Amino acid sequence: MTDAEIGKILQEELNNIAPEVDISTIDSKANLREAMDIDSMDFLNFVTAIHHRLRIQIPELDYPKLITLDGATCYLASALAKQKV
Amino acid sequence: MVDFRMPSLGADMEAGTLVEWHIKTGDIVKRGDIVAVVETQKGAIEIETFQAGQVEQILVDLHSKVPVGTPLARIRAEGEAPATPPPVAPPVPPPIAGAPPITMPTAPPFPVAPLTAMPARPRISPAARRLAEARGIDLRALAGSGPGGAIVYADVARAVVKAPAGAPPPERKRAPALDLDAMRVAIAAAMARAKREIPHYYLSHQIDVTACEHWLAEKNARLPPDNRLLIGALTVKATALAACRFPAFNGFYRGDKFEPSKAVHIGVAIAIRGGGLAAPALHDTNQLSLDDLMGRMRDLVARTRAGRIRSSELADATLTVSSLGDRGVEALYGIIYPPQVAIVGFGKVVTRAWVIDGAIGPRSIVTITLSADHRVSDGHAGALFLAEIGKLLEEPDKL
């Protein structure tokens, strides 16, 4: 899966939580919780959706790595790569 | 025979518009079944029945706006005899020999559902409309399978499955389910009444939730995201348990007197994107395991944000909890939602230098507050109630 494909999935799942936000205007290094006004329940739903969609484990300890679009793309790419091995 | 009536979903509600029937004549309903959807200032509310039995007659057409208390449908309790057919006959004259017997038309045993005149425009349920808007489905192209040919959610859902994949959803600026302006009017009415009528007093207390955080981290490490808990589940449960021990904070103030509630239904304040707030009830919160409570909270938050609250959830809350979550500030002082008599506020968790057993160390601290009705309780009892919540949160494994 390419970074662009991962980015598209992130965008879709974030839009399920915050339909009114245009993700393309969000700084890829910004804290998503602040930039999109996402609370802890929203974030848990986001993690749950990604977990099911990409079939990867996302321990709670790794949540901070998912907090920016760049970070999340990088984390998920590496998790998917590990899974293949 | 029991009339199922337009419920009052808040002190400020005078009328509601019936937008979906989930029942038809002859259906068997159980207590708690969702039988209709009513549109109010608070959004589309799913209305439950308290009467089990068989639907005898639907009395109000879709899209009618009727005052609170208007009978909407007639439900016959189990074991009750069917409605007596309307008196049929003037006494029949004795048959004359040779004349053909006179037959009187008999009323059908159950009244037939009133025929709805074919609407000029297709009737569309709000849920169906929302789904269609979200997925770009043309409603004019659909045939409705609901009462009177109304287009219901299932019709749109079928169309979504058939629709070519990859059709981009149209631009959306906000979940279309909720009318935030109407919600603001409802909040304004309730809060203005609270500040006019309820003599609030306020208390605050700092509690150490380090044990909760450790317990949650350990528990969640073993769980998939679907089953993970948030600290909000613990604080709501602790408040519910404390309310059992301090009944002066759990119930309603009505008709110049306090009616304590045996049941504890915590109203959970839920922020709506774009600026709105609702506090639907989690029924029997004190009796739910933490896992159940978390599952119900997730469901409640999702439905509230989608504009699908049930009538009992709107009306039943006996005590409200408002949490700022982890991105807010340290304390909030709530306004009581009438006719309740208290609201408990939780600020965000902050790390503070704290003295434990004579040594200073970093601890996770939350400021909890109580706004309570001075007509019902005093600061002394309030302080004990708040302290009890703190004590319960010191031992999360016992919640």
# chains A, B, ... in the order shown; residues from 1 in each chain; ligands from 1
>>> select_by_dssp(residues="stretch 121-325 of chain B", states="helix (DSSP H, G or I)", output="ChimeraX atom specification")
/B:126-135,139-141,147-149,153-162,180-197,210-221,225-227,231-245,247-249,285-287,290-305,311-315,325
>>> select_by_dssp(residues="stretch 156-396 of chain B", states="strand (DSSP E or B)", output="number ranges by chain")
B: 200-208, 251-254, 257-260, 266-268, 270-272, 276-278, 281-282, 309-310, 319-323, 340, 342-346, 350-356, 359-373
>>> closest_atom_pairs(of="chain A", to="chain B", cutoff="10 Å", atoms="only C-alpha atoms", output="tab-separated table")
residue	atom	partner	partner_atom	distance
A:Asn15	CA	B:Arg172	CA	9.8
A:Asn16	CA	B:Ala175	CA	9.8
A:Ile17	CA	B:Arg273	CA	9.5
A:Ala18	CA	B:Arg273	CA	7.7
A:Pro19	CA	B:Arg174	CA	6.1
A:Glu20	CA	B:Lys173	CA	4.1
A:Val21	CA	B:Lys173	CA	7.4
A:Asp22	CA	B:Lys173	CA	8.9
A:Arg33	CA	B:Arg327	CA	8.3
A:Glu34	CA	B:Arg327	CA	8.1
A:Asp37	CA	B:Arg273	CA	8.3
A:Ile38	CA	B:Arg327	CA	9.0
A:Asp39	CA	B:Gly325	CA	6.8
A:Ser40	CA	B:Gly325	CA	6.9
A:Met41	CA	B:Arg298	CA	7.3
A:Asp42	CA	B:Ala302	CA	9.2
A:Leu44	CA	B:Pro225	CA	6.9
A:Asn45	CA	B:Pro225	CA	8.0
A:Phe46	CA	B:Pro225	CA	9.4
A:Val47	CA	B:Pro225	CA	6.7
A:Thr48	CA	B:Pro225	CA	5.0
A:Ala49	CA	B:Pro225	CA	8.7
A:Ile50	CA	B:Pro225	CA	9.6
A:His51	CA	B:Pro225	CA	7.4
A:His52	CA	B:Pro225	CA	9.3
A:Gln57	CA	B:Pro224	CA	7.6
A:Ile58	CA	B:Pro225	CA	7.7
A:Pro59	CA	B:Ala221	CA	6.3
A:Glu60	CA	B:Ala221	CA	6.5
A:Leu61	CA	B:Ala221	CA	8.0
>>> write_last_selection(atoms="N, CA and C atoms", output="mmCIF file, in the first residue's frame")
data_model
loop_
_atom_site.group_PDB
_atom_site.id
_atom_site.type_symbol
_atom_site.label_atom_id
_atom_site.label_comp_id
_atom_site.auth_asym_id
_atom_site.auth_seq_id
_atom_site.Cartn_x
_atom_site.Cartn_y
_atom_site.Cartn_z
ATOM 1 N N ASN A 15 -12.874 11.943 8.176
ATOM 2 C CA ASN A 15 -14.090 12.624 7.729
ATOM 3 C C ASN A 15 -15.359 11.960 8.273
ATOM 4 N N ASN A 16 -15.251 10.666 8.589
ATOM 5 C CA ASN A 16 -16.397 10.033 9.241
ATOM 6 C C ASN A 16 -16.652 10.659 10.610
ATOM 7 N N ILE A 17 -15.571 11.122 11.236
ATOM 8 C CA ILE A 17 -15.705 11.728 12.561
ATOM 9 C C ILE A 17 -16.041 13.211 12.439
ATOM 10 N N ALA A 18 -15.354 13.870 11.534
ATOM 11 C CA ALA A 18 -15.538 15.315 11.375
ATOM 12 C C ALA A 18 -15.847 15.621 9.922
ATOM 13 N N PRO A 19 -17.115 15.412 9.509
ATOM 14 C CA PRO A 19 -17.459 15.544 8.085
ATOM 15 C C PRO A 19 -17.242 16.951 7.541
ATOM 16 N N GLU A 20 -17.261 17.947 8.433
ATOM 17 C CA GLU A 20 -17.207 19.322 7.944
ATOM 18 C C GLU A 20 -15.779 19.810 7.709
ATOM 19 N N VAL A 21 -14.785 18.999 8.106
ATOM 20 C CA VAL A 21 -13.399 19.448 7.967
ATOM 21 C C VAL A 21 -12.843 19.012 6.607
ATOM 22 N N ASP A 22 -12.228 19.948 5.916
ATOM 23 C CA ASP A 22 -11.548 19.636 4.670
ATOM 24 C C ASP A 22 -10.119 19.226 5.028
ATOM 25 N N ARG A 33 -5.833 16.208 16.934
ATOM 26 C CA ARG A 33 -6.847 16.414 17.962
ATOM 27 C C ARG A 33 -7.175 17.901 18.079
ATOM 28 N N GLU A 34 -6.100 18.722 17.998
ATOM 29 C CA GLU A 34 -6.323 20.173 18.096
ATOM 30 C C GLU A 34 -6.902 20.708 16.778
ATOM 31 N N ASP A 37 -10.469 19.313 16.341
ATOM 32 C CA ASP A 37 -11.341 19.290 17.514
ATOM 33 C C ASP A 37 -11.916 17.882 17.741
ATOM 34 N N ILE A 38 -10.989 16.943 17.908
ATOM 35 C CA ILE A 38 -11.368 15.540 18.110
ATOM 36 C C ILE A 38 -11.202 15.207 19.587
ATOM 37 N N ASP A 39 -12.205 14.610 20.198
ATOM 38 C CA ASP A 39 -12.071 14.242 21.614
ATOM 39 C C ASP A 39 -11.600 12.793 21.741
ATOM 40 N N SER A 40 -11.455 12.348 22.988
ATOM 41 C CA SER A 40 -10.862 11.022 23.195
ATOM 42 C C SER A 40 -11.760 9.914 22.643
ATOM 43 N N MET A 41 -13.077 10.126 22.699
ATOM 44 C CA MET A 41 -14.006 9.125 22.136
ATOM 45 C C MET A 41 -13.865 9.074 20.601
ATOM 46 N N ASP A 42 -13.779 10.258 19.969
ATOM 47 C CA ASP A 42 -13.568 10.305 18.519
ATOM 48 C C ASP A 42 -12.273 9.582 18.145
ATOM 49 N N LEU A 44 -10.654 7.280 19.771
ATOM 50 C CA LEU A 44 -10.803 5.832 19.953
ATOM 51 C C LEU A 44 -11.577 5.236 18.773
ATOM 52 N N ASN A 45 -12.595 5.929 18.310
ATOM 53 C CA ASN A 45 -13.357 5.438 17.149
ATOM 54 C C ASN A 45 -12.489 5.416 15.886
ATOM 55 N N PHE A 46 -11.632 6.418 15.756
ATOM 56 C CA PHE A 46 -10.704 6.496 14.627
ATOM 57 C C PHE A 46 -9.745 5.303 14.654
ATOM 58 N N VAL A 47 -9.154 5.042 15.827
ATOM 59 C CA VAL A 47 -8.225 3.915 15.966
ATOM 60 C C VAL A 47 -8.947 2.595 15.684
ATOM 61 N N THR A 48 -10.190 2.477 16.196
ATOM 62 C CA THR A 48 -10.963 1.255 15.982
ATOM 63 C C THR A 48 -11.213 1.034 14.485
ATOM 64 N N ALA A 49 -11.561 2.103 13.793
ATOM 65 C CA ALA A 49 -11.854 1.986 12.364
ATOM 66 C C ALA A 49 -10.609 1.574 11.582
ATOM 67 N N ILE A 50 -9.470 2.193 11.905
ATOM 68 C CA ILE A 50 -8.216 1.863 11.207
ATOM 69 C C ILE A 50 -7.821 0.410 11.492
ATOM 70 N N HIS A 51 -7.986 0.014 12.752
ATOM 71 C CA HIS A 51 -7.665 -1.360 13.163
ATOM 72 C C HIS A 51 -8.444 -2.366 12.309
ATOM 73 N N HIS A 52 -9.718 -2.106 12.095
ATOM 74 C CA HIS A 52 -10.527 -3.043 11.316
ATOM 75 C C HIS A 52 -10.225 -2.962 9.824
ATOM 76 N N GLN A 57 -2.665 -4.197 14.535
ATOM 77 C CA GLN A 57 -2.799 -3.915 15.962
ATOM 78 C C GLN A 57 -2.295 -2.499 16.231
ATOM 79 N N ILE A 58 -3.043 -1.746 17.011
ATOM 80 C CA ILE A 58 -2.578 -0.404 17.394
ATOM 81 C C ILE A 58 -2.678 -0.296 18.911
ATOM 82 N N PRO A 59 -1.580 -0.651 19.611
ATOM 83 C CA PRO A 59 -1.656 -0.548 21.079
ATOM 84 C C PRO A 59 -1.837 0.898 21.530
ATOM 85 N N GLU A 60 -2.423 1.048 22.687
ATOM 86 C CA GLU A 60 -2.676 2.391 23.226
ATOM 87 C C GLU A 60 -1.380 3.205 23.338
ATOM 88 N N LEU A 61 -0.307 2.498 23.663
ATOM 89 C CA LEU A 61 0.978 3.189 23.832
ATOM 90 C C LEU A 61 1.422 3.877 22.547
#
>>> closest_residue(among="B:Arg31, B:Arg123, B:Arg196, B:His205", to="B:Phe346", atoms="only C-alpha atoms")
B:His205
>>> residues_around(residues="A:Ala30", least_positions_apart="2", cutoff="9 Å", atoms="only C-alpha atoms", output="list in words")
Ile26, Asp27, Ser28, Leu32, Arg33, Glu34, Ala35, Ile67, Thr68, Leu69 and Asp70 of chain A
>>> write_last_selection(atoms="N, CA and C atoms", output="compact mmCIF listing (two decimals), in the first residue's frame")
# COMPACT_ATOMS: atom_id res chain seq x y z
N ILE A 26 -5.53 20.65 6.30
CA ILE A 26 -4.88 20.42 7.59
C ILE A 26 -3.37 20.22 7.38
N ASP A 27 -2.60 20.94 8.15
CA ASP A 27 -1.14 20.80 8.11
C ASP A 27 -0.78 19.36 8.50
N SER A 28 0.00 18.70 7.66
CA SER A 28 0.29 17.28 7.90
C SER A 28 1.14 17.06 9.16
N LEU A 32 -3.67 16.44 15.19
CA LEU A 32 -5.01 16.27 14.64
C LEU A 32 -6.10 16.56 15.67
N ARG A 33 -5.83 16.21 16.93
CA ARG A 33 -6.85 16.41 17.96
C ARG A 33 -7.17 17.90 18.08
N GLU A 34 -6.10 18.72 18.00
CA GLU A 34 -6.32 20.17 18.10
C GLU A 34 -6.90 20.71 16.78
N ALA A 35 -6.28 20.29 15.68
CA ALA A 35 -6.64 20.87 14.39
C ALA A 35 -8.08 20.53 14.00
N ILE A 67 -0.78 10.95 15.95
CA ILE A 67 -1.43 12.22 16.26
C ILE A 67 -1.30 13.27 15.15
N THR A 68 -0.38 13.03 14.19
CA THR A 68 -0.33 13.91 13.01
C THR A 68 -0.57 13.06 11.76
N LEU A 69 -0.95 13.69 10.68
CA LEU A 69 -1.17 12.94 9.43
C LEU A 69 0.12 12.28 8.97
N ASP A 70 1.24 13.03 9.04
CA ASP A 70 2.54 12.45 8.64
C ASP A 70 2.87 11.26 9.53
>>> atom_distance(atom1="atom CA of A:Glu5", atom2="atom CA of B:Val156")
28.6 Å
>>> residues_around(residues="B:Phe50", least_positions_apart="6", cutoff="9 Å", atoms="only C-alpha atoms", output="PyMOL selection string")
chain B and resi 4+30-33
>>> write_last_selection(atoms="N, CA and C atoms", output="PDB file, in the first residue's frame")
ATOM      1  N   PHE B   4     -51.116   5.640  23.160  1.00  0.00           N
ATOM      2  CA  PHE B   4     -49.705   6.004  23.117  1.00  0.00           C
ATOM      3  C   PHE B   4     -49.676   7.459  22.668  1.00  0.00           C
ATOM      4  N   LYS B  30     -43.208  -4.631  22.317  1.00  0.00           N
ATOM      5  CA  LYS B  30     -42.744  -4.867  23.680  1.00  0.00           C
ATOM      6  C   LYS B  30     -42.431  -3.529  24.325  1.00  0.00           C
ATOM      7  N   ARG B  31     -42.454  -3.514  25.648  1.00  0.00           N
ATOM      8  CA  ARG B  31     -42.041  -2.333  26.372  1.00  0.00           C
ATOM      9  C   ARG B  31     -40.624  -1.958  25.935  1.00  0.00           C
ATOM     10  N   GLY B  32     -40.412  -0.698  25.597  1.00  0.00           N
ATOM     11  CA  GLY B  32     -39.076  -0.250  25.211  1.00  0.00           C
ATOM     12  C   GLY B  32     -38.837  -0.275  23.701  1.00  0.00           C
ATOM     13  N   ASP B  33     -39.747  -0.866  22.938  1.00  0.00           N
ATOM     14  CA  ASP B  33     -39.591  -0.857  21.482  1.00  0.00           C
ATOM     15  C   ASP B  33     -39.685   0.570  20.947  1.00  0.00           C
TER      16      ASP B  33
END
>>> closest_residue(among="B:Val350, B:Ala279, B:Val344, B:Val2", to="B:Ala190", atoms="only C-alpha atoms")
B:Ala279
>>> residues_around(residues="A:Thr73", least_positions_apart="3", cutoff="9 Å", atoms="only C-alpha atoms", output="number ranges by chain")
A: 3-4, 6-7, 10, 66, 68-70, 76-78
>>> write_last_selection(atoms="C-alpha atoms", output="PDB file, in the first residue's frame")
ATOM      1  CA  ASP A   3       1.592   6.382   1.314  1.00  0.00           C
ATOM      2  CA  ALA A   4      -1.009   8.049  -0.908  1.00  0.00           C
ATOM      3  CA  ILE A   6      -2.868   5.235   3.346  1.00  0.00           C
ATOM      4  CA  GLY A   7      -3.431   8.985   3.267  1.00  0.00           C
ATOM      5  CA  LEU A  10      -6.900   8.320   6.927  1.00  0.00           C
ATOM      6  CA  LEU A  66      -0.866   8.671  15.183  1.00  0.00           C
ATOM      7  CA  THR A  68      -0.330  13.912  13.013  1.00  0.00           C
ATOM      8  CA  LEU A  69      -1.174  12.943   9.434  1.00  0.00           C
ATOM      9  CA  ASP A  70       2.535  12.448   8.644  1.00  0.00           C
ATOM     10  CA  LEU A  76       0.690   2.572   9.383  1.00  0.00           C
ATOM     11  CA  ALA A  77       3.091   2.055   6.447  1.00  0.00           C
ATOM     12  CA  SER A  78       5.608   0.480   8.758  1.00  0.00           C
TER      13      SER A  78
END
